[in-house]
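Asks: So I've got this file, protein38.txt, and it contains compact mmCIF, C-alpha atoms:
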# COMPACT_ATOMS: atom_id res chain seq x y z
CA MET A 26 -17.36 5.61 -1.20
CA LYS A 27 -14.47 7.91 -0.37
CA ILE A 28 -12.98 10.06 -3.13
CA LEU A 29 -9.43 11.40 -2.91
CA TYR A 30 -8.84 14.55 -4.97
CA TYR A 31 -5.45 15.65 -6.17
CA PHE A 32 -6.18 18.91 -7.98
CA LEU A 33 -3.24 20.91 -9.31
CA SER A 34 -4.26 24.08 -11.10
CA LEU A 35 -2.42 24.54 -14.37
CA CYS A 36 -2.63 28.30 -14.16
CA ILE A 37 -0.13 28.43 -11.29
CA PHE A 38 2.41 25.87 -12.53
CA GLY A 39 4.54 28.47 -14.29
CA SER A 40 4.82 30.73 -11.26
CA MET A 41 5.46 27.95 -8.75
CA SER A 42 9.05 26.75 -8.36
CA ALA A 43 9.97 23.09 -8.46
CA ASP A 44 11.08 23.30 -4.84
CA LEU A 45 7.53 24.13 -3.72
CA LEU A 46 6.10 21.03 -5.38
CA ALA A 47 9.09 18.74 -4.99
CA GLN A 48 7.30 16.70 -2.35
CA ASN A 49 4.32 15.86 -4.55
CA ILE A 50 4.48 14.90 -8.22
CA THR A 51 1.00 13.40 -8.23
CA GLY A 52 -0.63 14.10 -11.57
CA HIS A 53 -1.00 13.26 -15.24
CA TRP A 54 2.25 13.54 -17.20
CA GLU A 55 2.72 13.45 -20.98
CA GLY A 56 5.85 13.49 -23.09
CA ILE A 57 8.30 11.50 -25.18
CA VAL A 58 10.79 8.66 -24.78
CA SER A 59 13.75 8.43 -27.15
CA THR A 60 16.55 5.91 -27.70
CA GLY A 61 18.82 7.93 -30.01
CA LYS A 62 18.79 10.44 -32.84
CA LYS A 63 18.11 7.87 -35.57
CA GLN A 64 15.51 5.96 -33.60
CA PRO A 65 11.80 6.88 -33.53
CA GLN A 66 10.44 8.76 -30.53
CA PHE A 67 7.69 7.10 -28.52
CA SER A 68 4.95 9.06 -26.82
CA TYR A 69 4.75 8.40 -23.08
CA VAL A 70 1.83 9.06 -20.74
CA ALA A 71 2.03 8.46 -16.98
CA ASP A 72 -0.39 8.83 -14.06
CA LEU A 73 1.65 9.17 -10.88
CA MET A 74 0.49 9.06 -7.27
CA MET A 75 2.87 10.12 -4.51
CA ASP A 76 2.48 9.27 -0.82
CA GLY A 77 5.38 10.49 1.28
CA GLN A 78 8.53 9.40 -0.54
CA ALA A 79 6.82 6.50 -2.33
CA ILE A 80 5.57 6.76 -5.90
CA SER A 81 3.18 4.44 -7.73
CA GLY A 82 1.20 4.62 -10.94
CA ARG A 83 0.56 3.46 -14.47
CA ALA A 84 2.15 4.44 -17.80
CA CYS A 85 1.68 3.75 -21.50
CA SER A 86 4.21 4.06 -24.31
CA SER A 87 3.13 4.17 -27.94
CA LEU A 88 4.26 4.70 -31.51
CA PRO A 89 1.03 5.73 -33.28
CA LYS A 90 2.41 5.46 -36.82
CA ASN A 91 3.11 1.75 -36.33
CA ASP A 92 0.06 1.13 -34.12
CA LEU A 93 2.32 0.01 -31.27
CA LYS A 94 1.36 0.48 -27.63
CA ALA A 95 2.24 -1.06 -24.27
CA CYS A 96 1.15 -0.19 -20.72
CA PHE A 97 3.07 -0.73 -17.50
CA GLU A 98 2.76 -0.67 -13.72
CA LEU A 99 5.10 1.88 -12.14
CA SER A 100 6.77 2.02 -8.75
CA GLY A 101 9.48 4.23 -7.32
CA ILE A 102 10.74 6.62 -4.68
CA TRP A 103 11.48 10.32 -4.35
CA GLU A 104 15.16 10.78 -3.56
CA GLY A 105 16.31 14.32 -2.81
CA GLU A 106 15.33 16.30 -5.90
CA ARG A 107 14.71 13.44 -8.29
CA ALA A 108 12.31 10.60 -8.94
CA LEU A 109 13.58 7.04 -9.35
CA LEU A 110 10.89 5.20 -11.30
CA GLN A 111 10.73 1.66 -12.63
CA GLU A 112 8.29 -0.16 -14.87
CA ILE A 113 7.90 -3.27 -12.72
CA LYS A 114 5.37 -5.12 -14.85
CA GLN A 115 3.99 -5.00 -18.39
CA LEU A 116 0.20 -4.88 -18.15
CA SER A 117 -0.55 -5.10 -21.88
CA PRO A 118 -0.12 -6.58 -24.39
CA ASP A 119 0.86 -10.09 -23.30
CA THR A 120 3.31 -10.28 -26.21
CA PRO A 121 5.69 -9.01 -27.39
CA GLU A 122 7.63 -8.02 -24.29
CA TRP A 123 8.79 -4.41 -24.17
CA CYS A 124 11.79 -2.93 -22.37
CA LEU A 125 11.06 -2.46 -18.66
CA LYS A 126 12.68 0.91 -18.07
CA TYR A 127 14.44 2.23 -14.98
CA MET A 128 14.20 6.04 -15.02
CA THR A 129 16.12 8.74 -13.16
CA LEU A 130 14.14 11.96 -13.53
CA GLU A 131 14.72 15.47 -12.20
CA LEU A 132 11.83 17.84 -11.49
CA LYS A 133 12.23 21.26 -13.14
CA SER A 134 10.10 24.37 -13.47
CA GLU A 135 10.12 25.65 -17.04
CA ALA A 136 8.10 28.23 -18.95
CA GLU A 137 5.50 25.66 -20.02
CA GLY A 138 5.13 24.17 -16.54
CA LEU A 139 6.58 21.43 -14.37
CA VAL A 140 8.77 18.93 -16.19
CA LEU A 141 10.26 15.56 -15.27
CA THR A 142 13.33 14.97 -17.40
CA GLY A 143 16.21 12.53 -17.38
CA THR A 144 17.50 9.22 -18.66
CA TRP A 145 16.33 5.62 -18.69
CA LYS A 146 17.94 2.22 -19.08
CA ALA A 147 16.75 -1.38 -19.31
CA ASP A 148 18.23 -4.84 -19.56
CA HIS A 149 19.14 -5.83 -23.13
CA CYS A 150 17.86 -2.49 -24.49
CA GLN A 151 19.55 0.63 -25.78
CA PRO A 152 19.27 3.40 -23.15
CA GLY A 153 17.73 6.76 -23.86
CA SER A 154 16.12 9.91 -22.51
CA ILE A 155 12.66 10.88 -21.34
CA ARG A 156 10.85 14.18 -20.88
CA LEU A 157 7.38 14.53 -19.32
CA LEU A 158 5.20 17.60 -18.78
CA LEU A 159 2.60 17.79 -16.00
CA THR A 160 -0.66 18.47 -17.84
CA SER A 161 -3.37 17.98 -15.20
CA GLY A 162 -4.18 16.72 -11.76
CA LEU A 163 -5.63 13.31 -10.92
CA GLU A 164 -8.80 12.10 -9.31
CA PHE A 165 -8.58 8.77 -7.52
CA THR A 166 -11.69 6.92 -6.51
CA GLU A 167 -11.41 4.51 -3.59
CA GLN A 168 -13.62 1.70 -4.84
CA GLU A 169 -13.78 -1.81 -3.49
CA ILE A 170 -12.22 -4.28 -5.90
CA PRO A 171 -14.98 -6.63 -7.20
CA PHE A 172 -15.09 -10.05 -5.56
CA ALA A 173 -13.30 -12.84 -7.39
CA ILE A 174 -13.26 -16.40 -6.13
CA GLU A 175 -9.91 -16.96 -7.86
CA GLY A 176 -6.70 -16.13 -6.06
CA LYS A 177 -5.10 -17.00 -2.74
CA TRP A 178 -7.11 -17.71 0.42
CA THR A 179 -5.14 -18.08 3.65
CA GLY A 180 -6.08 -19.55 7.02
CA HIS A 181 -5.88 -22.76 8.98
CA LEU A 182 -7.16 -26.32 9.12
CA SER A 183 -8.05 -28.54 12.07
CA GLN A 184 -8.41 -32.30 12.50
CA SER A 185 -10.53 -33.93 15.17
CA ASP A 186 -7.88 -36.41 16.34
CA ARG A 187 -5.10 -33.80 16.69
CA ASP A 188 -4.42 -31.27 19.43
CA TYR A 189 -2.51 -29.09 16.97
CA GLY A 190 -3.51 -27.37 13.74
CA PHE A 191 -2.23 -26.69 10.25
CA PHE A 192 -1.45 -23.55 8.29
CA TYR A 193 -3.56 -23.83 5.13
CA GLN A 194 -3.55 -21.82 1.90
CA VAL A 195 -5.64 -22.34 -1.21
CA ASP A 196 -4.60 -20.90 -4.58
CA MET A 197 -7.51 -21.13 -7.00
CA LYS A 198 -6.85 -20.69 -10.70
CA LYS A 199 -9.37 -20.13 -13.46
CA GLY A 200 -11.09 -23.19 -14.87
CA GLY A 201 -11.55 -24.96 -11.53
CA ASN A 202 -7.88 -25.85 -11.02
CA GLY A 203 -5.21 -24.81 -8.55
CA THR A 204 -3.15 -25.97 -5.59
CA THR A 205 -3.36 -26.09 -1.81
CA PHE A 206 -0.45 -25.67 0.58
CA ILE A 207 -0.47 -27.10 4.11
CA VAL A 208 2.03 -26.85 6.96
CA SER A 209 1.83 -29.03 10.07
CA GLU A 210 2.35 -27.29 13.40
CA ASP A 211 3.80 -30.59 14.63
CA ASN A 212 5.76 -33.20 12.68
CA GLY A 213 5.16 -33.72 8.97
CA GLY A 214 6.58 -30.60 7.43
CA SER A 215 4.58 -29.24 4.51
CA ALA A 216 2.90 -30.43 1.33
CA THR A 217 1.39 -29.10 -1.87
CA HIS A 218 -1.78 -30.75 -3.19
CA LEU A 219 -3.47 -30.59 -6.56
CA LEU A 220 -6.79 -28.74 -6.29
CA LYS A 221 -10.08 -29.14 -8.12
CA TRP A 222 -12.85 -26.72 -7.20
CA ARG A 223 -16.36 -25.67 -8.22
CA TYR A 224 -18.02 -22.43 -7.12
CA ASP A 225 -21.79 -22.18 -6.56
CA SER A 226 -22.43 -18.42 -6.76
CA ILE A 227 -26.14 -18.78 -5.99
CA ASN A 228 -25.57 -20.46 -2.61
CA SER A 229 -22.12 -18.89 -2.02
CA GLN A 230 -20.45 -22.25 -1.57
CA LEU A 231 -17.20 -23.77 -2.77
CA ASP A 232 -16.76 -27.48 -3.45
CA LEU A 233 -13.09 -28.19 -2.73
CA LEU A 234 -11.33 -31.45 -3.66
CA GLU A 235 -7.67 -32.53 -3.42
CA PRO A 236 -7.08 -35.44 -5.85
CA LYS A 237 -3.41 -36.02 -4.98
CA VAL A 238 -0.24 -34.76 -3.33
CA ILE A 239 2.15 -33.01 -5.72
CA GLU A 240 5.09 -32.32 -3.42
CA LYS A 241 6.01 -32.80 0.24
CA THR A 242 9.01 -32.23 2.48
CA ASP A 243 8.77 -35.54 4.34
CA ASP A 244 8.46 -38.53 2.02
CA LYS A 245 7.43 -40.81 4.89
CA TRP A 246 4.55 -38.61 6.02
CA LEU A 247 1.10 -39.46 4.61
CA TRP A 248 -1.32 -36.58 4.07
CA CYS A 249 -5.10 -36.54 3.93
CA LEU A 250 -6.76 -35.86 0.57
CA LYS A 251 -9.40 -33.39 1.67
CA HIS A 252 -12.88 -32.79 0.32
CA GLY A 253 -15.11 -30.07 1.73
CA LEU A 254 -18.13 -27.89 1.02
CA LEU A 255 -17.22 -24.42 2.27
CA ASP A 256 -19.63 -21.54 2.93
CA ILE A 257 -18.52 -18.06 1.86
CA ARG A 258 -19.51 -14.83 3.60
CA LYS A 259 -18.42 -11.21 3.62
CA GLU A 260 -17.33 -9.30 6.71
CA THR A 261 -16.09 -5.74 7.20
CA ASP A 262 -12.60 -6.14 5.77
CA LYS A 263 -12.44 -9.71 4.52
CA PHE A 264 -14.19 -12.58 2.78
CA ILE A 265 -14.36 -15.75 4.87
CA MET A 266 -14.69 -19.30 3.57
CA GLU A 267 -15.16 -22.14 6.06
CA GLY A 268 -16.69 -25.54 6.51
CA ALA A 269 -16.13 -29.20 7.34
CA TRP A 270 -13.80 -31.51 5.46
CA SER A 271 -13.25 -35.27 5.24
CA GLY A 272 -11.29 -37.62 3.00
CA PRO A 273 -8.96 -40.61 2.74
CA LEU A 274 -5.29 -40.91 3.60
CA GLU A 275 -3.10 -40.81 0.51
CA GLU A 276 -1.99 -44.20 -0.82
CA LYS A 277 -4.49 -45.92 1.50
CA ASP A 278 -8.21 -46.57 1.66
CA ALA A 279 -8.42 -45.65 5.34
CA PRO A 280 -10.42 -42.49 6.07
CA CYS A 281 -8.80 -39.58 7.89
CA ALA A 282 -10.29 -38.08 11.02
CA PRO A 283 -12.41 -35.17 9.72
CA GLY A 284 -11.94 -31.52 10.60
CA ARG A 285 -12.68 -27.94 9.61
CA ILE A 286 -11.20 -25.43 7.17
CA TYR A 287 -11.08 -21.66 7.76
CA LEU A 288 -9.82 -19.32 5.02
CA GLU A 289 -9.69 -15.56 4.49
CA LYS A 290 -9.23 -13.23 1.55
CA PRO A 291 -8.74 -9.49 2.20
CA ILE A 292 -11.25 -6.95 0.89
CA LEU A 293 -9.15 -4.22 -0.72
CA THR A 294 -9.75 -1.01 -2.62
CA LYS A 295 -7.77 0.09 -5.63
CA VAL A 296 -6.10 2.77 -3.54
CA GLU A 297 -5.13 0.23 -0.87
CA THR A 298 -3.75 -2.10 -3.54
CA ASN A 299 -1.60 0.71 -4.93
CA LYS A 300 -0.35 1.50 -1.43
CA ILE A 301 0.48 -2.14 -0.75
CA ASP A 302 2.34 -2.43 -4.06
CA LYS A 303 4.56 0.55 -3.34
CA ASP A 304 5.02 -0.24 0.37
CA VAL A 305 6.26 -3.79 -0.23
CA TYR A 306 8.25 -2.98 -3.39
CA PRO A 307 11.45 -1.80 -1.57
CA TYR A 308 11.40 -4.96 0.57
CA GLU A 309 10.89 -7.22 -2.46
CA GLN A 310 13.73 -5.51 -4.33
CA GLN A 311 16.14 -5.69 -1.39
CA TYR A 312 15.51 -9.29 -0.38
CA GLY A 313 14.32 -10.80 -3.67
CA ARG A 314 11.18 -12.26 -2.07
CA LYS A 315 7.54 -11.85 -3.01
CA VAL A 316 5.21 -10.62 -0.25
CA ASN A 317 1.90 -12.47 0.04
CA ILE A 318 -0.73 -10.36 1.85
CA GLY A 319 -2.96 -13.22 2.92
CA ARG A 320 -4.78 -11.77 5.94
CA THR A 321 -6.27 -8.46 7.03
CA LEU A 322 -7.49 -7.20 10.37
CA SER A 323 -8.77 -3.95 11.89
CA VAL A 324 -7.65 -2.45 15.19
CA LYS A 325 -9.30 0.34 17.22
CA ASN A 326 -6.15 1.94 18.67
CA ASP A 327 -2.96 3.39 17.21
CA LYS A 328 -0.90 1.72 19.92
CA VAL A 329 -0.95 -2.07 19.72
CA LYS A 330 1.02 -4.99 21.09
CA LEU A 331 2.35 -7.75 18.87
CA PHE A 332 3.08 -11.19 20.31
CA VAL A 333 5.27 -13.69 18.43
CA TRP A 334 5.80 -17.34 19.32
CA ASP A 335 5.95 -20.88 17.95
CA ASN A 336 2.56 -22.51 18.47
CA GLY A 337 3.68 -25.87 17.07
CA THR A 338 6.82 -27.93 17.32
CA VAL A 339 9.75 -25.72 18.31
CA ASP A 340 12.22 -26.38 15.50
CA GLY A 341 14.71 -23.52 15.69
CA ASP A 342 13.01 -20.97 13.41
CA TYR A 343 14.67 -17.55 13.26
CA VAL A 344 12.48 -14.68 12.05
CA THR A 345 12.60 -10.96 11.39
CA LEU A 346 9.51 -8.73 11.40
CA PHE A 347 9.03 -5.58 9.32
CA LEU A 348 6.27 -3.03 9.95
CA ASN A 349 5.80 -0.51 7.13
CA GLY A 350 9.33 -1.26 5.95
CA LYS A 351 10.91 -0.73 9.39
CA ARG A 352 12.52 -3.70 11.10
CA ILE A 353 10.90 -4.17 14.52
CA LEU A 354 12.31 -7.61 15.36
CA HIS A 355 15.62 -8.95 14.07
CA ASN A 356 16.83 -12.55 13.73
CA PHE A 357 14.71 -13.71 16.66
CA LYS A 358 14.60 -17.39 17.61
CA VAL A 359 10.95 -18.20 18.24
CA SER A 360 9.93 -20.49 21.08
CA LYS A 361 6.88 -21.25 23.23
CA HIS A 362 7.56 -18.01 25.10
CA LYS A 363 5.56 -15.12 23.61
CA LYS A 364 7.76 -12.21 22.60
CA MET A 365 5.88 -8.90 23.04
CA ILE A 366 6.60 -5.94 20.76
CA PRO A 367 4.80 -2.61 21.40
CA VAL A 368 4.26 -0.58 18.21
CA THR A 369 2.50 2.60 17.13
CA LEU A 370 0.57 2.47 13.87
CA LYS A 371 1.23 5.73 12.02
CA LYS A 372 -0.75 4.92 8.88
CA GLU A 373 -4.32 3.96 8.06
CA GLU A 374 -3.07 0.81 6.33
CA ASN A 375 -0.02 -0.92 7.84
CA ILE A 376 1.94 -3.83 6.37
CA LEU A 377 3.42 -6.45 8.71
CA ILE A 378 5.90 -8.79 6.97
CA LEU A 379 7.29 -12.04 8.36
CA HIS A 380 10.81 -12.59 6.99
CA ALA A 381 12.28 -16.07 7.46
CA GLU A 382 15.98 -15.94 8.34
CA ASP A 383 16.13 -19.73 7.97
CA LEU A 384 13.67 -22.61 7.72
CA GLY A 385 14.52 -24.36 11.00
CA ASP A 386 14.47 -28.13 11.27
CA ILE A 387 10.95 -28.44 9.81
CA PRO A 388 10.48 -26.16 6.78
CA PRO A 389 8.86 -23.82 6.01
CA ASN A 390 8.94 -21.13 8.71
CA THR A 391 5.56 -20.93 10.48
CA VAL A 392 5.02 -18.52 13.37
CA ALA A 393 1.98 -17.49 15.43
CA VAL A 394 1.36 -13.76 15.73
CA SER A 395 -1.20 -12.06 17.97
CA VAL A 396 -2.29 -8.43 17.69
CA LYS A 397 -3.80 -6.78 20.78
CA ASP A 398 -5.31 -3.30 20.47
CA GLY A 399 -6.53 -2.97 24.05
CA LYS A 400 -10.04 -4.10 23.10
CA LYS A 401 -9.49 -7.45 21.47
CA LEU A 402 -6.78 -10.02 20.76
CA THR A 403 -6.53 -11.50 17.25
CA THR A 404 -4.26 -14.49 16.62
CA LEU A 405 -3.17 -15.77 13.23
CA VAL A 406 -0.47 -18.01 11.79
CA MET A 407 2.01 -16.56 9.31
CA ASN A 408 4.08 -18.62 6.91
CA SER A 409 7.28 -17.68 5.10
CA ASN A 410 10.06 -19.35 3.15
CA LEU A 411 13.17 -18.14 1.36
CA LYS A 412 11.21 -17.16 -1.77
CA GLU A 413 7.96 -15.73 -0.36
CA SER A 414 7.21 -13.81 2.82
CA GLY A 415 3.87 -13.77 4.58
CA GLY A 416 2.19 -10.41 5.08
CA VAL A 417 -0.74 -9.00 7.03
CA LEU A 418 -2.59 -5.75 6.34
CA ILE A 419 -3.44 -4.06 9.66
CA LYS A 420 -6.06 -1.34 9.25
CA ARG A 421 -6.73 1.34 11.80
CA PHE A 422 -10.45 1.47 12.55
CA LYS A 423 -12.09 4.53 10.98
CA LEU A 424 -15.44 6.01 11.97
CA LEU A 425 -17.76 6.70 9.08
CA GLU A 426 -18.24 10.41 8.47
Using structure tokens, write down the structure from this file.
Replies:
Amino acid sequence: MKILYYFLSLCIFGSMSADLLAQNITGHWEGIVSTGKKQPQFSYVADLMMDGQAISGRACSSLPKNDLKACFELSGIWEGERALLQEIKQLSPDTPEWCLKYMTLELKSEAEGLVLTGTWKADHCQPGSIRLLLTSGLEFTEQEIPFAIEGKWTGHLSQSDRDYGFFYQVDMKKGGNGTTFIVSEDNGGSATHLLKWRYDSINSQLDLLEPKVIEKTDDKWLWCLKHGLLDIRKETDKFIMEGAWSGPLEEKDAPCAPGRIYLEKPILTKVETNKIDKDVYPYEQQYGRKVNIGRTLSVKNDKVKLFVWDNGTVDGDYVTLFLNGKRILHNFKVSKHKKMIPVTLKKEENILILHAEDLGDIPPNTVAVSVKDGKKLTTLVMNSNLKESGGVLIKRFKLLE
């Protein structure tokens, strides 16, 4: 277990100018939020973590006299000499909904220490001011997030009578319900199925069943209703779920040719999750699309080669690739020819995002991507549409100390 320490000694805050610490506001901040002279003042507590220009964290606002309290997830950037912070999600309580504030805060050095002060605004809420004092440093523990069978698993599906495959994603909800999403690499488009599942934790197996098709892009295409018993195992940076499937063709009694299912779910730490949240936040805000980190892989070199191509039916897909927020491929029409892109990984955890410029003739946009680090070649299929972009977490291999 790796522990990251951010220790800021309070005894030197008064003597240290804001300019010296302007590049790192990591710490525990306490203060008040107001909305006007006649309105009550709320106490505000925030734990901020800064990495480069990006800021992430958690905050809670409360009015003790009325026993009111709400907590939020924070994200933002450091711009010049100020912090632009936004409460992007209310963590608790579920109801009622509080104002999600957008804050513009300047860092100042005052007699009592370092202060973040400025104004805030929110939709349908009266704006106000905020003042926070840095009271202590933070200690972050990089702990693996406990395994949960629920959530999205991403991978591929094969069928014995086909020479092409399918992008396959399973979204398991609590209570044994959920949906599956499948994209054909040939004709057929895509479909969403209803999912029923049962998890055997003793034998690490998942019983997966698709009772019916909910939605599909080609009304004339008949999909298989799959049933499989999938084994689950843990590897270095991912959980893997795979096994055989069989089942009938929808609307008919005829059995489908059987096949296999392979799915992955990344193993992440809390620190990695925070980094992902803040790294994809600018992209999500700019393009209005959610990023789905469905796969993870480790590489042994900083310098890698990315290969992009269409491994199914060439249908005129145009894609853009982002690596750590930087555009490395723009509005590229994918084909059977593999486009090679050399890149240098400058971080321990790197986010590759597939942005669909359009959906081609056969939606959604599905593209094969290979990553070669000089030692091995890993190939995966990424899927994106105009509402959600596929993402991959690429980790640089680290030797244990």
Asks: What is the atom CA of Leu379 of chain A to atom CA of Tyr189 of chain A distance in Å?
Replies: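 Spanning atom CA of Leu379 of chain A to atom CA of Tyr189 of chain A is a straight-line distance of 21.5 Å.
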Asks: Mind checking which residues fall within 8 Å of segment 253-260 of chain A, counting only C-alpha atoms, ignoring those fewer than 4 positions away in the same chain, and posting them as a list of chain:residue names?
Replies: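 Residues near the query, excluding close chain neighbours: A:Ser229, A:Gln230, A:Leu231, A:Asp232, A:Leu233, A:Leu234, A:Phe264, A:Ile265, A:Met266, A:Glu267, A:Gly268, A:Ala269, A:Trp270, A:Ser271, A:Ile286.
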Asks: Excluding Pro291 of chain A and any residue of its chain fewer than 2 positions from it, enumerate the residues within 10 Å of it, using only C-alpha atoms, and give them as a ChimeraX atom specification.
Replies: /A:177-179,259-265,289,293-294,318-322,417-418
Asks: At a cut-off of 12 Å from (1.7, -1.8, -20.2) in the coordinates of the file, what residues are picked up using only C-alpha atoms, written as a PyMOL selection string?
Replies: chain A and resi 69-71+82-87+93-99+112-126
Asks: Write the residues of the selection above to a file with C-alpha atoms, as an mmCIF file, in the frame of the given file.
Replies:
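Wrote it out as out-v3.cif, contents follow:
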data_model
loop_
_atom_site.group_PDB
_atom_site.id
_atom_site.type_symbol
_atom_site.label_atom_id
_atom_site.label_comp_id
_atom_site.auth_asym_id
_atom_site.auth_seq_id
_atom_site.Cartn_x
_atom_site.Cartn_y
_atom_site.Cartn_z
ATOM 1 C CA TYR A 69 4.750 8.400 -23.080
ATOM 2 C CA VAL A 70 1.830 9.060 -20.740
ATOM 3 C CA ALA A 71 2.030 8.460 -16.980
ATOM 4 C CA GLY A 82 1.200 4.620 -10.940
ATOM 5 C CA ARG A 83 0.560 3.460 -14.470
ATOM 6 C CA ALA A 84 2.150 4.440 -17.800
ATOM 7 C CA CYS A 85 1.680 3.750 -21.500
ATOM 8 C CA SER A 86 4.210 4.060 -24.310
ATOM 9 C CA SER A 87 3.130 4.170 -27.940
ATOM 10 C CA LEU A 93 2.320 0.010 -31.270
ATOM 11 C CA LYS A 94 1.360 0.480 -27.630
ATOM 12 C CA ALA A 95 2.240 -1.060 -24.270
ATOM 13 C CA CYS A 96 1.150 -0.190 -20.720
ATOM 14 C CA PHE A 97 3.070 -0.730 -17.500
ATOM 15 C CA GLU A 98 2.760 -0.670 -13.720
ATOM 16 C CA LEU A 99 5.100 1.880 -12.140
ATOM 17 C CA GLU A 112 8.290 -0.160 -14.870
ATOM 18 C CA ILE A 113 7.900 -3.270 -12.720
ATOM 19 C CA LYS A 114 5.370 -5.120 -14.850
ATOM 20 C CA GLN A 115 3.990 -5.000 -18.390
ATOM 21 C CA LEU A 116 0.200 -4.880 -18.150
ATOM 22 C CA SER A 117 -0.550 -5.100 -21.880
ATOM 23 C CA PRO A 118 -0.120 -6.580 -24.390
ATOM 24 C CA ASP A 119 0.860 -10.090 -23.300
ATOM 25 C CA THR A 120 3.310 -10.280 -26.210
ATOM 26 C CA PRO A 121 5.690 -9.010 -27.390
ATOM 27 C CA GLU A 122 7.630 -8.020 -24.290
ATOM 28 C CA TRP A 123 8.790 -4.410 -24.170
ATOM 29 C CA CYS A 124 11.790 -2.930 -22.370
ATOM 30 C CA LEU A 125 11.060 -2.460 -18.660
ATOM 31 C CA LYS A 126 12.680 0.910 -18.070
#
Asks: How many Å separate atom CA of Thr298 of chain A from atom CA of Met365 of chain A?
Replies: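 The value is 29.1 Å.
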Asks: In Å, with one decimal, what is the gap from atom CA of Val329 of chain A to atom CA of Leu370 of chain A?
Replies: 7.6 Å
Asks: Could you tell me which of A:Asp335, A:Leu73, A:Ala136, A:Trp54 comes closest to Asp211 of chain A if we count only C-alpha atoms?
Replies: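 Checking each candidate against Asp211 of chain A, we get A:Asp335 as the closest.
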Asks: Model the absent atoms of segment 78-91 of chain A so that N, CA and C atoms are present, and write the result as a compact mmCIF listing (two decimals), in the frame of the given file.
Replies:
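To be explicit, this is the file written out as part_31.txt:
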# COMPACT_ATOMS: atom_id res chain seq x y z
N GLN A 78 7.44 9.54 0.42
CA GLN A 78 8.53 9.40 -0.54
C GLN A 78 8.22 8.35 -1.61
N ALA A 79 7.15 7.60 -1.41
CA ALA A 79 6.82 6.50 -2.33
C ALA A 79 6.01 7.00 -3.52
N ILE A 80 6.27 6.40 -4.66
CA ILE A 80 5.57 6.76 -5.90
C ILE A 80 5.01 5.49 -6.53
N SER A 81 3.77 5.55 -7.00
CA SER A 81 3.18 4.44 -7.73
C SER A 81 2.39 5.00 -8.89
N GLY A 82 1.99 4.13 -9.82
CA GLY A 82 1.20 4.62 -10.94
C GLY A 82 1.16 3.67 -12.12
N ARG A 83 0.68 4.20 -13.23
CA ARG A 83 0.56 3.46 -14.47
C ARG A 83 1.09 4.33 -15.61
N ALA A 84 1.62 3.70 -16.66
CA ALA A 84 2.15 4.44 -17.80
C ALA A 84 1.91 3.65 -19.07
N CYS A 85 1.81 4.38 -20.19
CA CYS A 85 1.68 3.75 -21.50
C CYS A 85 2.64 4.41 -22.48
N SER A 86 3.31 3.59 -23.27
CA SER A 86 4.21 4.06 -24.31
C SER A 86 3.67 3.62 -25.66
N SER A 87 3.73 4.51 -26.64
CA SER A 87 3.13 4.17 -27.94
C SER A 87 3.89 4.80 -29.09
N LEU A 88 3.74 4.19 -30.25
CA LEU A 88 4.26 4.70 -31.51
C LEU A 88 3.10 4.66 -32.49
N PRO A 89 2.29 5.74 -32.52
CA PRO A 89 1.03 5.73 -33.28
C PRO A 89 1.18 5.33 -34.75
N LYS A 90 2.26 5.75 -35.39
CA LYS A 90 2.41 5.46 -36.82
C LYS A 90 2.45 3.96 -37.09
N ASN A 91 3.00 3.20 -36.16
CA ASN A 91 3.11 1.75 -36.33
C ASN A 91 2.07 0.99 -35.53
